[in-house]
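So this block is entry-v7.txt, compact mmCIF, C-alpha atoms and all ligand atoms:
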```
# COMPACT_ATOMS: atom_id res chain seq x y z
CA MET P 18 -30.63 -35.77 -36.81
CA ALA P 19 -28.02 -38.57 -37.17
CA GLN P 20 -24.44 -37.53 -36.44
CA LYS P 21 -22.29 -36.99 -39.53
CA LEU P 22 -19.41 -39.39 -40.18
CA ALA P 23 -15.82 -38.38 -40.94
CA VAL P 24 -13.26 -40.99 -42.02
CA ILE P 25 -9.66 -40.05 -41.30
CA PHE P 26 -6.89 -41.93 -43.08
CA GLY P 27 -3.81 -41.54 -40.88
CA GLY P 28 -5.96 -40.42 -37.91
CA SER P 29 -3.58 -41.97 -35.35
CA GLY P 30 -0.54 -39.97 -36.53
CA PHE P 31 0.93 -36.78 -35.12
CA ILE P 32 -1.49 -34.39 -36.87
CA GLY P 33 -4.38 -36.84 -37.19
CA ARG P 34 -4.98 -37.22 -33.44
CA TYR P 35 -5.63 -33.47 -33.10
CA ILE P 36 -8.21 -33.55 -35.91
CA VAL P 37 -9.93 -36.64 -34.47
CA ARG P 38 -10.36 -34.82 -31.14
CA ARG P 39 -11.68 -31.63 -32.75
CA LEU P 40 -14.22 -33.41 -34.96
CA ALA P 41 -15.41 -35.56 -32.05
CA GLU P 42 -15.83 -32.42 -29.92
CA ALA P 43 -17.84 -30.88 -32.78
CA GLY P 44 -20.21 -33.85 -32.55
CA TRP P 45 -19.04 -35.90 -35.54
CA ARG P 46 -18.69 -39.66 -35.54
CA VAL P 47 -15.08 -40.37 -36.47
CA ARG P 48 -13.74 -43.51 -38.14
CA VAL P 49 -9.96 -43.79 -37.97
CA ALA P 50 -8.58 -45.68 -41.00
CA VAL P 51 -5.03 -46.93 -40.40
CA ARG P 52 -3.02 -50.11 -40.90
CA ASP P 53 -2.59 -50.76 -37.19
CA THR P 54 -5.89 -50.21 -35.39
CA GLN P 55 -4.45 -51.47 -32.06
CA GLN P 56 -1.92 -48.61 -32.01
CA ALA P 57 -4.79 -46.19 -32.60
CA GLN P 58 -6.90 -47.29 -29.59
CA PHE P 59 -5.67 -44.38 -27.46
CA LEU P 60 -8.11 -42.25 -29.50
CA LYS P 61 -11.16 -44.08 -28.10
CA THR P 62 -11.39 -41.56 -25.28
CA ALA P 63 -11.44 -38.65 -27.77
CA GLY P 64 -15.23 -39.02 -27.94
CA ASP P 65 -18.22 -40.54 -26.17
CA LEU P 66 -18.68 -44.30 -26.09
CA GLY P 67 -18.61 -45.56 -29.70
CA GLN P 68 -18.16 -42.09 -31.21
CA VAL P 69 -14.64 -42.90 -32.43
CA SER P 70 -14.26 -46.20 -34.29
CA PHE P 71 -11.42 -47.89 -36.14
CA VAL P 72 -11.07 -49.69 -39.45
CA PRO P 73 -7.99 -51.44 -40.80
CA ALA P 74 -7.13 -49.96 -44.19
CA SER P 75 -4.12 -49.12 -46.29
CA VAL P 76 -4.28 -46.36 -48.87
CA THR P 77 -2.28 -48.67 -51.16
CA ASN P 78 -5.12 -51.21 -51.13
CA ALA P 79 -8.09 -49.83 -53.11
CA GLN P 80 -10.49 -52.46 -51.74
CA SER P 81 -9.75 -51.60 -48.12
CA VAL P 82 -10.07 -47.87 -48.92
CA ALA P 83 -13.49 -48.41 -50.55
CA ALA P 84 -14.69 -50.34 -47.50
CA ALA P 85 -13.37 -47.68 -45.13
CA VAL P 86 -15.26 -44.76 -46.74
CA VAL P 87 -18.70 -46.42 -46.83
CA GLY P 88 -21.29 -44.04 -45.36
CA ALA P 89 -18.82 -41.15 -44.92
CA ASP P 90 -19.95 -37.53 -45.21
CA ALA P 91 -16.35 -36.30 -45.14
CA VAL P 92 -12.94 -37.92 -45.64
CA ILE P 93 -9.53 -36.60 -44.64
CA ASN P 94 -6.38 -38.19 -46.06
CA LEU P 95 -3.30 -37.52 -43.93
CA VAL P 96 -1.15 -40.46 -45.00
CA GLY P 97 2.39 -39.52 -45.92
CA ILE P 98 5.95 -40.76 -45.49
CA LEU P 99 9.38 -39.13 -45.29
CA LEU P 100 11.39 -42.24 -46.02
CA GLN P 101 10.92 -44.76 -48.83
CA ILE P 102 11.30 -48.35 -47.58
CA GLY P 103 10.59 -51.35 -49.81
CA GLN P 104 7.14 -51.00 -51.36
CA ARG P 105 6.36 -47.92 -49.28
CA THR P 106 7.53 -45.52 -51.97
CA PHE P 107 6.54 -41.86 -52.41
CA LYS P 108 4.67 -42.89 -55.57
CA ALA P 109 2.77 -45.71 -53.84
CA ILE P 110 1.70 -43.57 -50.86
CA HIS P 111 1.59 -39.92 -52.01
CA VAL P 112 0.40 -40.48 -55.58
CA ASP P 113 -1.35 -43.85 -56.02
CA GLY P 114 -2.59 -43.96 -52.41
CA ALA P 115 -4.00 -40.43 -52.63
CA ALA P 116 -5.65 -41.33 -55.96
CA ASN P 117 -7.20 -44.45 -54.37
CA VAL P 118 -8.77 -42.36 -51.59
CA ALA P 119 -10.06 -39.67 -53.97
CA ALA P 120 -11.53 -42.20 -56.42
CA ALA P 121 -13.23 -44.14 -53.60
CA CYS P 122 -14.72 -40.87 -52.26
CA ALA P 123 -16.06 -39.94 -55.70
CA ARG P 124 -17.60 -43.41 -56.17
CA ALA P 125 -19.15 -43.44 -52.69
CA GLY P 126 -20.71 -39.96 -53.09
CA VAL P 127 -18.70 -38.47 -50.22
CA GLN P 128 -19.52 -34.78 -49.83
CA THR P 129 -16.13 -33.40 -48.70
CA LEU P 130 -12.54 -34.58 -49.22
CA VAL P 131 -9.67 -32.87 -47.41
CA HIS P 132 -6.22 -33.87 -48.62
CA MET P 133 -2.89 -33.26 -46.87
CA SER P 134 -0.02 -32.29 -49.13
CA ALA P 135 3.09 -30.33 -48.06
CA LEU P 136 4.55 -26.86 -48.55
CA GLY P 137 6.89 -26.88 -51.55
CA ALA P 138 4.82 -29.46 -53.46
CA ASP P 139 6.10 -28.92 -56.99
CA ALA P 140 6.19 -31.22 -59.99
CA ALA P 141 9.52 -29.61 -61.01
CA SER P 142 11.18 -29.87 -57.58
CA ASP P 143 14.63 -31.41 -57.06
CA SER P 144 13.20 -33.46 -54.24
CA ALA P 145 11.32 -36.70 -54.99
CA TYR P 146 9.16 -36.07 -51.86
CA SER P 147 7.98 -32.66 -53.12
CA ARG P 148 7.42 -33.95 -56.66
CA SER P 149 5.32 -36.84 -55.36
CA LYS P 150 3.22 -34.47 -53.21
CA ALA P 151 2.49 -32.37 -56.33
CA GLU P 152 1.60 -35.47 -58.36
CA GLY P 153 -0.64 -36.60 -55.50
CA GLU P 154 -2.47 -33.26 -55.53
CA ALA P 155 -3.02 -33.56 -59.30
CA ALA P 156 -4.34 -37.12 -58.95
CA VAL P 157 -6.71 -36.02 -56.17
CA ARG P 158 -8.01 -33.05 -58.24
CA LEU P 159 -8.64 -35.32 -61.22
CA ALA P 160 -10.75 -37.80 -59.27
CA PHE P 161 -12.35 -35.31 -56.84
CA PRO P 162 -12.22 -31.71 -58.17
CA LYS P 163 -13.83 -30.23 -55.02
CA ALA P 164 -11.11 -31.57 -52.69
CA VAL P 165 -9.58 -29.07 -50.25
CA ILE P 166 -5.77 -29.31 -50.27
CA PHE P 167 -3.47 -28.25 -47.44
CA ARG P 168 0.25 -27.55 -47.72
CA PRO P 169 1.76 -26.99 -44.29
CA SER P 170 5.34 -26.00 -43.53
CA VAL P 171 7.12 -28.10 -40.92
CA VAL P 172 4.57 -28.75 -38.16
CA PHE P 173 5.45 -28.42 -34.46
CA GLY P 174 3.71 -29.77 -31.38
CA THR P 175 4.22 -32.18 -28.48
CA GLU P 176 4.58 -35.28 -30.67
CA ASP P 177 6.43 -33.71 -33.63
CA GLY P 178 9.39 -35.37 -35.31
CA PHE P 179 11.42 -32.24 -36.01
CA PHE P 180 11.93 -30.26 -32.78
CA ASN P 181 11.89 -33.49 -30.75
CA LEU P 182 14.68 -34.97 -32.90
CA TYR P 183 16.81 -31.89 -32.28
CA GLY P 184 15.87 -32.08 -28.57
CA LEU P 185 17.13 -35.66 -28.46
CA MET P 186 20.32 -34.65 -30.26
CA ALA P 187 20.84 -31.86 -27.72
CA GLN P 188 20.47 -34.43 -24.94
CA VAL P 189 22.89 -36.95 -26.47
CA PHE P 190 25.51 -35.05 -28.48
CA PRO P 191 27.95 -32.34 -27.41
CA LEU P 192 27.43 -30.47 -30.71
CA LEU P 193 24.28 -29.38 -32.55
CA PRO P 194 24.83 -29.26 -36.31
CA TYR P 195 22.86 -27.54 -39.04
CA PHE P 196 23.56 -27.19 -42.74
CA THR P 197 24.50 -24.02 -44.59
CA ASN P 198 25.95 -23.01 -47.93
CA SER P 199 27.58 -19.83 -46.57
CA ASN P 200 30.13 -19.05 -43.87
CA PRO P 201 28.32 -20.15 -40.67
CA HIS P 202 29.85 -17.21 -38.75
CA ALA P 203 28.34 -14.67 -41.14
CA PRO P 204 24.80 -13.33 -40.63
CA GLU P 205 23.70 -15.01 -43.87
CA GLY P 206 25.18 -18.34 -42.74
CA GLY P 207 22.12 -19.42 -40.76
CA GLY P 208 21.07 -22.03 -43.32
CA ALA P 209 17.72 -22.50 -45.03
CA SER P 210 14.58 -20.71 -43.84
CA PHE P 211 11.52 -22.36 -42.31
CA GLN P 212 8.13 -21.16 -41.12
CA PRO P 213 7.03 -23.76 -38.55
CA VAL P 214 3.28 -23.98 -37.99
CA TYR P 215 1.55 -25.22 -34.82
CA VAL P 216 -0.27 -28.56 -35.06
CA GLY P 217 -3.30 -27.11 -33.24
CA ASP P 218 -3.63 -24.39 -35.89
CA VAL P 219 -3.31 -26.95 -38.71
CA ALA P 220 -5.97 -29.15 -37.08
CA ASP P 221 -8.29 -26.16 -36.56
CA ALA P 222 -8.01 -25.18 -40.23
CA MET P 223 -8.54 -28.73 -41.51
CA THR P 224 -11.54 -29.22 -39.21
CA GLN P 225 -13.09 -26.01 -40.54
CA ALA P 226 -12.49 -27.23 -44.09
CA VAL P 227 -14.55 -30.32 -43.24
CA VAL P 228 -17.50 -28.42 -41.83
CA ASP P 229 -17.57 -25.35 -44.10
CA GLU P 230 -18.30 -25.95 -47.80
CA ARG P 231 -16.88 -22.55 -48.80
CA HIS P 232 -13.38 -24.07 -48.75
CA ALA P 233 -14.20 -26.62 -51.49
CA GLY P 234 -11.69 -26.77 -54.37
CA LYS P 235 -9.12 -24.49 -52.66
CA ILE P 236 -5.43 -24.95 -51.85
CA TYR P 237 -4.11 -23.50 -48.58
CA GLU P 238 -0.52 -22.95 -47.51
CA LEU P 239 -0.08 -23.04 -43.74
CA GLY P 240 2.82 -21.42 -41.91
CA GLY P 241 3.61 -19.88 -38.55
CA PRO P 242 3.95 -16.18 -37.70
CA ARG P 243 7.74 -16.03 -38.21
CA VAL P 244 10.42 -17.23 -40.60
CA TYR P 245 13.44 -18.82 -38.88
CA ALA P 246 16.85 -19.66 -40.26
CA MET P 247 17.87 -23.21 -39.37
CA ARG P 248 20.48 -21.82 -36.96
CA ASP P 249 17.70 -19.93 -35.05
CA ILE P 250 15.69 -23.13 -34.77
CA VAL P 251 18.69 -25.02 -33.36
CA GLN P 252 19.30 -22.13 -30.97
CA MET P 253 15.66 -22.30 -29.82
CA VAL P 254 16.10 -26.03 -29.08
CA ASN P 255 19.38 -25.34 -27.27
CA GLN P 256 17.64 -22.84 -24.99
CA ALA P 257 14.52 -24.94 -24.45
CA THR P 258 16.60 -27.99 -23.46
CA MET P 259 19.02 -25.89 -21.35
CA ARG P 260 21.86 -27.96 -22.81
CA ASN P 261 24.01 -25.07 -23.99
CA ARG P 262 25.55 -27.16 -26.80
CA LYS P 263 27.96 -25.70 -29.31
CA ILE P 264 26.08 -25.03 -32.57
CA ILE P 265 28.05 -25.71 -35.74
CA GLY P 266 27.20 -24.94 -39.35
CA LEU P 267 28.23 -27.72 -41.74
CA PRO P 268 28.47 -27.50 -45.51
CA TYR P 269 25.91 -29.63 -47.36
CA LEU P 270 28.82 -31.85 -48.50
CA PHE P 271 28.57 -33.53 -45.08
CA ALA P 272 25.26 -34.97 -46.25
CA VAL P 273 27.11 -37.75 -48.05
CA PRO P 274 28.84 -39.39 -45.04
CA LEU P 275 25.77 -38.73 -42.85
CA ASN P 276 23.52 -40.45 -45.34
CA VAL P 277 25.82 -43.49 -45.50
CA LEU P 278 26.00 -43.58 -41.69
CA GLY P 279 22.20 -43.34 -41.43
CA GLY P 280 21.76 -46.28 -43.83
CA PHE P 281 24.34 -48.31 -41.89
CA LEU P 282 22.69 -47.55 -38.51
CA ARG P 283 19.28 -48.52 -39.86
CA LYS P 284 20.56 -51.88 -41.16
CA ALA P 285 22.54 -52.59 -37.98
CA LEU P 286 19.57 -51.85 -35.69
CA HIS P 287 17.35 -54.05 -37.84
CA LEU P 288 19.83 -56.96 -37.99
CA VAL P 289 20.93 -56.90 -34.34
CA LEU P 290 17.85 -55.67 -32.46
CA ARG P 291 15.11 -56.32 -35.06
CA LEU P 292 14.19 -52.66 -34.78
CA SER P 293 12.96 -50.86 -37.88
CA PHE P 294 12.28 -47.15 -38.06
CA GLU P 295 9.90 -45.42 -40.45
CA ALA P 296 11.38 -42.04 -39.54
CA PRO P 297 14.85 -41.22 -40.84
CA LEU P 298 17.65 -41.62 -38.26
CA LEU P 299 19.80 -39.19 -40.18
CA PRO P 300 18.72 -37.04 -43.13
CA THR P 301 18.51 -38.85 -46.47
CA PHE P 302 19.77 -37.27 -49.71
CA ASP P 303 16.22 -36.34 -50.58
CA GLN P 304 15.71 -34.66 -47.21
CA MET P 305 18.93 -32.77 -47.72
CA LYS P 306 17.39 -31.33 -50.88
CA LEU P 307 14.30 -30.37 -48.86
CA LEU P 308 16.44 -28.81 -46.11
CA LYS P 309 18.45 -26.88 -48.67
CA ALA P 310 15.35 -25.51 -50.38
CA GLY P 311 13.83 -24.32 -47.09
CA ASN P 312 10.11 -24.19 -46.41
CA VAL P 313 8.50 -20.76 -46.43
CA LEU P 314 5.02 -19.67 -47.57
CA SER P 315 4.96 -18.57 -51.23
CA GLY P 316 2.35 -15.89 -50.54
CA ALA P 317 0.48 -17.02 -53.66
CA MET P 318 -2.13 -19.07 -51.75
CA PRO P 319 -4.48 -18.26 -48.88
CA GLY P 320 -3.41 -19.46 -45.43
CA LEU P 321 -4.53 -19.58 -41.80
CA GLU P 322 -6.04 -16.08 -42.07
CA ALA P 323 -8.73 -17.54 -44.37
CA PHE P 324 -9.91 -19.51 -41.32
CA GLY P 325 -9.65 -16.57 -38.93
CA ILE P 326 -6.74 -18.30 -37.16
CA GLN P 327 -3.98 -16.23 -35.55
CA PRO P 328 -0.85 -18.40 -35.98
CA THR P 329 0.82 -19.64 -32.78
CA ALA P 330 4.52 -18.83 -32.35
CA PRO P 331 6.93 -21.77 -31.76
CA ASP P 332 8.70 -19.96 -28.90
CA ALA P 333 5.43 -20.07 -26.96
CA VAL P 334 4.97 -23.85 -27.31
CA VAL P 335 8.26 -25.63 -28.10
CA PRO P 336 9.85 -25.13 -24.62
CA THR P 337 6.79 -26.75 -22.98
CA TYR P 338 7.51 -30.14 -24.57
CA LEU P 339 11.29 -30.00 -25.00
CA LYS P 340 11.59 -29.70 -21.20
CA ARG P 341 11.99 -33.48 -21.07
CA PHE P 342 15.40 -33.20 -22.73
CA ARG P 343 16.76 -30.91 -20.02
CA PRO P 344 19.51 -32.18 -17.70
CA VAL P 345 18.20 -34.15 -14.69
CA GLN P 346 19.96 -31.70 -12.34
CA GLN P 347 17.63 -29.05 -13.66
CA ASN P 348 14.60 -30.93 -12.28
CA LYS P 349 16.40 -31.39 -8.97
CA LYS P 350 17.06 -27.68 -8.79
CA ILE P 351 13.39 -26.97 -9.39
CA ARG P 352 12.19 -29.58 -6.88
CA THR P 353 14.56 -28.79 -3.99
CA PRO P 354 12.98 -25.53 -2.78
CA ALA P 355 9.49 -27.05 -2.86
CA ARG P 356 10.63 -30.00 -0.65
CA SER P 357 12.47 -27.83 1.83
CA LYS P 358 9.36 -25.67 2.25
CA ALA P 359 7.22 -28.64 3.35
N1 LIG E 1 4.61 -33.48 -39.65
C1 LIG E 1 5.00 -32.47 -40.44
O1 LIG E 1 5.85 -31.62 -40.09
C2 LIG E 1 4.39 -32.33 -41.82
C3 LIG E 1 4.72 -31.22 -42.62
C4 LIG E 1 4.15 -31.10 -43.89
C5 LIG E 1 3.26 -32.08 -44.35
N2 LIG E 1 2.97 -33.16 -43.55
C6 LIG E 1 2.04 -34.18 -44.06
O2 LIG E 1 0.99 -34.37 -43.11
C7 LIG E 1 0.55 -35.72 -43.15
C8 LIG E 1 0.49 -36.28 -41.74
O3 LIG E 1 1.77 -36.17 -41.16
P1 LIG E 1 2.07 -36.75 -39.70
O4 LIG E 1 3.34 -36.12 -39.26
O5 LIG E 1 0.85 -36.66 -38.86
O6 LIG E 1 2.35 -38.30 -40.07
P2 LIG E 1 2.59 -39.52 -39.07
O7 LIG E 1 2.68 -39.07 -37.65
O8 LIG E 1 3.72 -40.31 -39.64
O9 LIG E 1 1.25 -40.39 -39.20
C9 LIG E 1 0.99 -41.17 -40.32
C10 LIG E 1 -0.38 -41.84 -40.14
O10 LIG E 1 -0.68 -42.54 -41.34
C11 LIG E 1 -0.99 -43.91 -41.05
N3 LIG E 1 -0.53 -44.68 -42.21
C12 LIG E 1 0.75 -44.88 -42.63
N4 LIG E 1 0.74 -45.60 -43.75
C13 LIG E 1 -0.57 -45.86 -44.05
C14 LIG E 1 -1.21 -46.54 -45.09
N5 LIG E 1 -0.54 -47.14 -46.09
N6 LIG E 1 -2.58 -46.58 -45.11
C15 LIG E 1 -3.30 -45.99 -44.10
N7 LIG E 1 -2.73 -45.33 -43.08
C16 LIG E 1 -1.39 -45.26 -43.07
C17 LIG E 1 -0.24 -44.19 -39.75
O11 LIG E 1 -0.84 -45.26 -39.01
P3 LIG E 1 -0.43 -46.82 -39.31
O12 LIG E 1 1.06 -46.83 -39.28
O13 LIG E 1 -1.10 -47.60 -38.23
O14 LIG E 1 -1.00 -47.14 -40.65
C18 LIG E 1 -0.44 -42.86 -39.04
O15 LIG E 1 -1.74 -42.82 -38.47
C19 LIG E 1 1.50 -36.45 -44.11
O16 LIG E 1 0.89 -36.54 -45.37
C20 LIG E 1 2.71 -35.54 -44.18
O17 LIG E 1 3.39 -35.66 -45.41
C21 LIG E 1 3.50 -33.31 -42.30
```

Give the structure from this file in structure tokens form.
Ligand SMILES: NC(=O)c1ccc[n+]([C@@H]2O[C@H](COP(=O)([O-])OP(=O)(O)OC[C@H]3O[C@@H](n4cnc5c(N)ncnc54)[C@H](OP(=O)(O)O)[C@@H]3O)[C@@H](O)[C@H]2O)c1
Amino acid sequence: MAQKLAVIFGGSGFIGRYIVRRLAEAGWRVRVAVRDTQQAQFLKTAGDLGQVSFVPASVTNAQSVAAAVVGADAVINLVGILLQIGQRTFKAIHVDGAANVAAACARAGVQTLVHMSALGADAASDSAYSRSKAEGEAAVRLAFPKAVIFRPSVVFGTEDGFFNLYGLMAQVFPLLPYFTNSNPHAPEGGGASFQPVYVGDVADAMTQAVVDERHAGKIYELGGPRVYAMRDIVQMVNQATMRNRKIIGLPYLFAVPLNVLGGFLRKALHLVLRLSFEAPLLPTFDQMKLLKAGNVLSGAMPGLEAFGIQPTAPDAVVPTYLKRFRPVQQNKKIRTPARSKA
């Protein structure tokens, strides 16, 4: 029997690469649909010769999306942004882009569509990001009612943008800040709550949703085994990086100067070094709203348990990849006894 074909929009990203590897291992042919296929070439070795292929496509371009899904049995759309730059707006990517993928799947007779949303997706949210994720879900449902929708909390893993950013901050700055509305010295002053979920668990669940039709039409919320206050997360990073930085709780008012500084840094780096970043250098106003709201499972939707997955705890994984932010002396200390033994 011919191998089935899965097309993964955003397959070269943080989460996408884990799903590409799992589907290839399960014997699927995988077509990675991204804007920059050169950057995605590292995924060639995820399968046998020719098992993983690449197609240039942008979810904002309906024609390229239609061409990318030709012959697909399953499609996964992982494309999302945290920062709006120029024409890359939340509406263009999360709403219109998601609608383009769903409509193309319906037209091409694709059997399964798996769509990535985010925990907190809510048409009435304060945050434009969360509103756009909810509008994207609605657009996907309209065009492809059987789509499986995933809403993960903040995702952690070797290539994540969240713990690694804090790791970098621990390496560079003498202080590690977090935001809180209460007295930071009080027990309730730990800031907003999060339920980080491991990228491997997210990829396992999404892969199962591709291969098992019983998930059709459902929405899943994915979170880790524990809820952490922001202060606990910063503390975890502090320990994992062995930096022993002073942790300070800042009122959300500080978001204003930080946001201005972030915008200034972005422009300066672009003008002077021609560097442009798609990830935020410092939290934007919209991210501040997300941070303030926190990101914890609502309990109203099924989660990892529906896939028989035991969630992985961050404390078991985060130190393994934040090691690189430890002081150099630490490595020396570890290496010295081994050398003297030889
Ligand atoms: N990471 C988290 O903590 C987290 C939490 C909740 C929800 N999510 C959601 O999960 C999804 C994946 O997140 P991620 O962290 O893996 O993202 P990521 O690392 O930023 O990867 C984004 C991927 O999308 C591709 N892409 C960007 N714009 C595109 C476009 N217009 N058309 C086609 N491909 C495009 C990128 O490749 P090119 O640049 O080459 O196109 C890349 O492969 C997103 O929808 C995100 O909102 C993530």

Each residue of chain P lying at most 6 Å from ligand LIG 1 (chain E) should get a row with its shortest atom-to-atom pair and the distance in Å to one decimal, counting all atoms listed in the file; could you produce that, ordered by chain and increasing number, as CSV?
```
residue,atom,partner,partner_atom,distance
P:Phe26,CA,E:LIG1,N7,5.4
P:Gly27,CA,E:LIG1,O10,3.3
P:Gly28,CA,E:LIG1,O15,4.9
P:Ser29,CA,E:LIG1,O15,3.7
P:Gly30,CA,E:LIG1,O9,3.2
P:Phe31,CA,E:LIG1,O5,3.7
P:Ile32,CA,E:LIG1,O5,3.8
P:Gly33,CA,E:LIG1,O5,5.5
P:Val51,CA,E:LIG1,N7,3.9
P:Arg52,CA,E:LIG1,O14,3.6
P:Asp53,CA,E:LIG1,O13,3.6
P:Ala74,CA,E:LIG1,C15,5.5
P:Ser75,CA,E:LIG1,N6,3.2
P:Val76,CA,E:LIG1,N6,4.1
P:Thr77,CA,E:LIG1,N5,5.6
P:Leu95,CA,E:LIG1,C7,4.3
P:Val96,CA,E:LIG1,O10,4.2
P:Gly97,CA,E:LIG1,O16,3.4
P:Ile98,CA,E:LIG1,O17,5.7
P:Met133,CA,E:LIG1,O16,5.2
P:Ser134,CA,E:LIG1,O16,5.7
P:Ala135,CA,E:LIG1,C5,4.1
P:Pro169,CA,E:LIG1,C4,4.8
P:Ser170,CA,E:LIG1,C4,5.2
P:Val171,CA,E:LIG1,O1,3.8
P:Val172,CA,E:LIG1,O1,3.7
```

With C-alpha atoms retained, export the selected residues as a PDB file, in the coordinates of the input.
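Result file part.pdb:
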```pdb
ATOM      1  CA  PHE P  26      -6.890 -41.930 -43.080  1.00  0.00           C
ATOM      2  CA  GLY P  27      -3.810 -41.540 -40.880  1.00  0.00           C
ATOM      3  CA  GLY P  28      -5.960 -40.420 -37.910  1.00  0.00           C
ATOM      4  CA  SER P  29      -3.580 -41.970 -35.350  1.00  0.00           C
ATOM      5  CA  GLY P  30      -0.540 -39.970 -36.530  1.00  0.00           C
ATOM      6  CA  PHE P  31       0.930 -36.780 -35.120  1.00  0.00           C
ATOM      7  CA  ILE P  32      -1.490 -34.390 -36.870  1.00  0.00           C
ATOM      8  CA  GLY P  33      -4.380 -36.840 -37.190  1.00  0.00           C
ATOM      9  CA  VAL P  51      -5.030 -46.930 -40.400  1.00  0.00           C
ATOM     10  CA  ARG P  52      -3.020 -50.110 -40.900  1.00  0.00           C
ATOM     11  CA  ASP P  53      -2.590 -50.760 -37.190  1.00  0.00           C
ATOM     12  CA  ALA P  74      -7.130 -49.960 -44.190  1.00  0.00           C
ATOM     13  CA  SER P  75      -4.120 -49.120 -46.290  1.00  0.00           C
ATOM     14  CA  VAL P  76      -4.280 -46.360 -48.870  1.00  0.00           C
ATOM     15  CA  THR P  77      -2.280 -48.670 -51.160  1.00  0.00           C
ATOM     16  CA  LEU P  95      -3.300 -37.520 -43.930  1.00  0.00           C
ATOM     17  CA  VAL P  96      -1.150 -40.460 -45.000  1.00  0.00           C
ATOM     18  CA  GLY P  97       2.390 -39.520 -45.920  1.00  0.00           C
ATOM     19  CA  ILE P  98       5.950 -40.760 -45.490  1.00  0.00           C
ATOM     20  CA  MET P 133      -2.890 -33.260 -46.870  1.00  0.00           C
ATOM     21  CA  SER P 134      -0.020 -32.290 -49.130  1.00  0.00           C
ATOM     22  CA  ALA P 135       3.090 -30.330 -48.060  1.00  0.00           C
ATOM     23  CA  PRO P 169       1.760 -26.990 -44.290  1.00  0.00           C
ATOM     24  CA  SER P 170       5.340 -26.000 -43.530  1.00  0.00           C
ATOM     25  CA  VAL P 171       7.120 -28.100 -40.920  1.00  0.00           C
ATOM     26  CA  VAL P 172       4.570 -28.750 -38.160  1.00  0.00           C
TER      27      VAL P 172
END
```

- prompt: Looking at all atoms listed in the file, which of P:Ala226, P:Leu60, P:Leu136, P:Met259 is the one that sits closest to Ala187 of chain P?
  reply: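 Using all atoms listed in the file, Ala187 of chain P sits closest to P:Met259.
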
Six-sided padding of 8 Å per side, axis-aligned box over segment 144-153 of chain P, centre and edges in Å, one decimal, as lines of an AutoDock Vina configuration file:
```
center_x = 6.3
center_y = -34.6
center_z = -55.1
size_x = 29.8
size_y = 20.5
size_z = 22.5
```

task: Find the residues near segment 213-218 of chain P: any atom within 8 Å, counting all atoms listed in the file, skip ones fewer than 3 places away on the same chain, and give them as an MDAnalysis selection string.
output: chainID P and resid 32 35 169:174 221:222 239:244 321 326 328:331

message: Please determine, counting all atoms listed in the file, which residue among P:Ala138, P:Leu193, P:Val127, P:Ala164 has the shortest atom-to-atom distance to Asn255 of chain P.
response: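 For Asn255 of chain P, the nearest of the given residues is P:Leu193.
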
task: Pick out the closest residue to Met318 of chain P from this set: P:Ala257, P:Arg168, P:Glu205, P:Leu282. Count only C-alpha atoms.
output: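 Closest residue, counting only C-alpha atoms: P:Arg168.
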
task: Tell me which protein, DNA and RNA residues are within 7 Å of Gly153 of chain P, counting all atoms listed in the file, leaving out same-chain ones fewer than 5 positions away, and put them as a list in words.
output: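 Counting only the stated atoms, we get His111, Val112, Ala115 and Ala116 of chain P.
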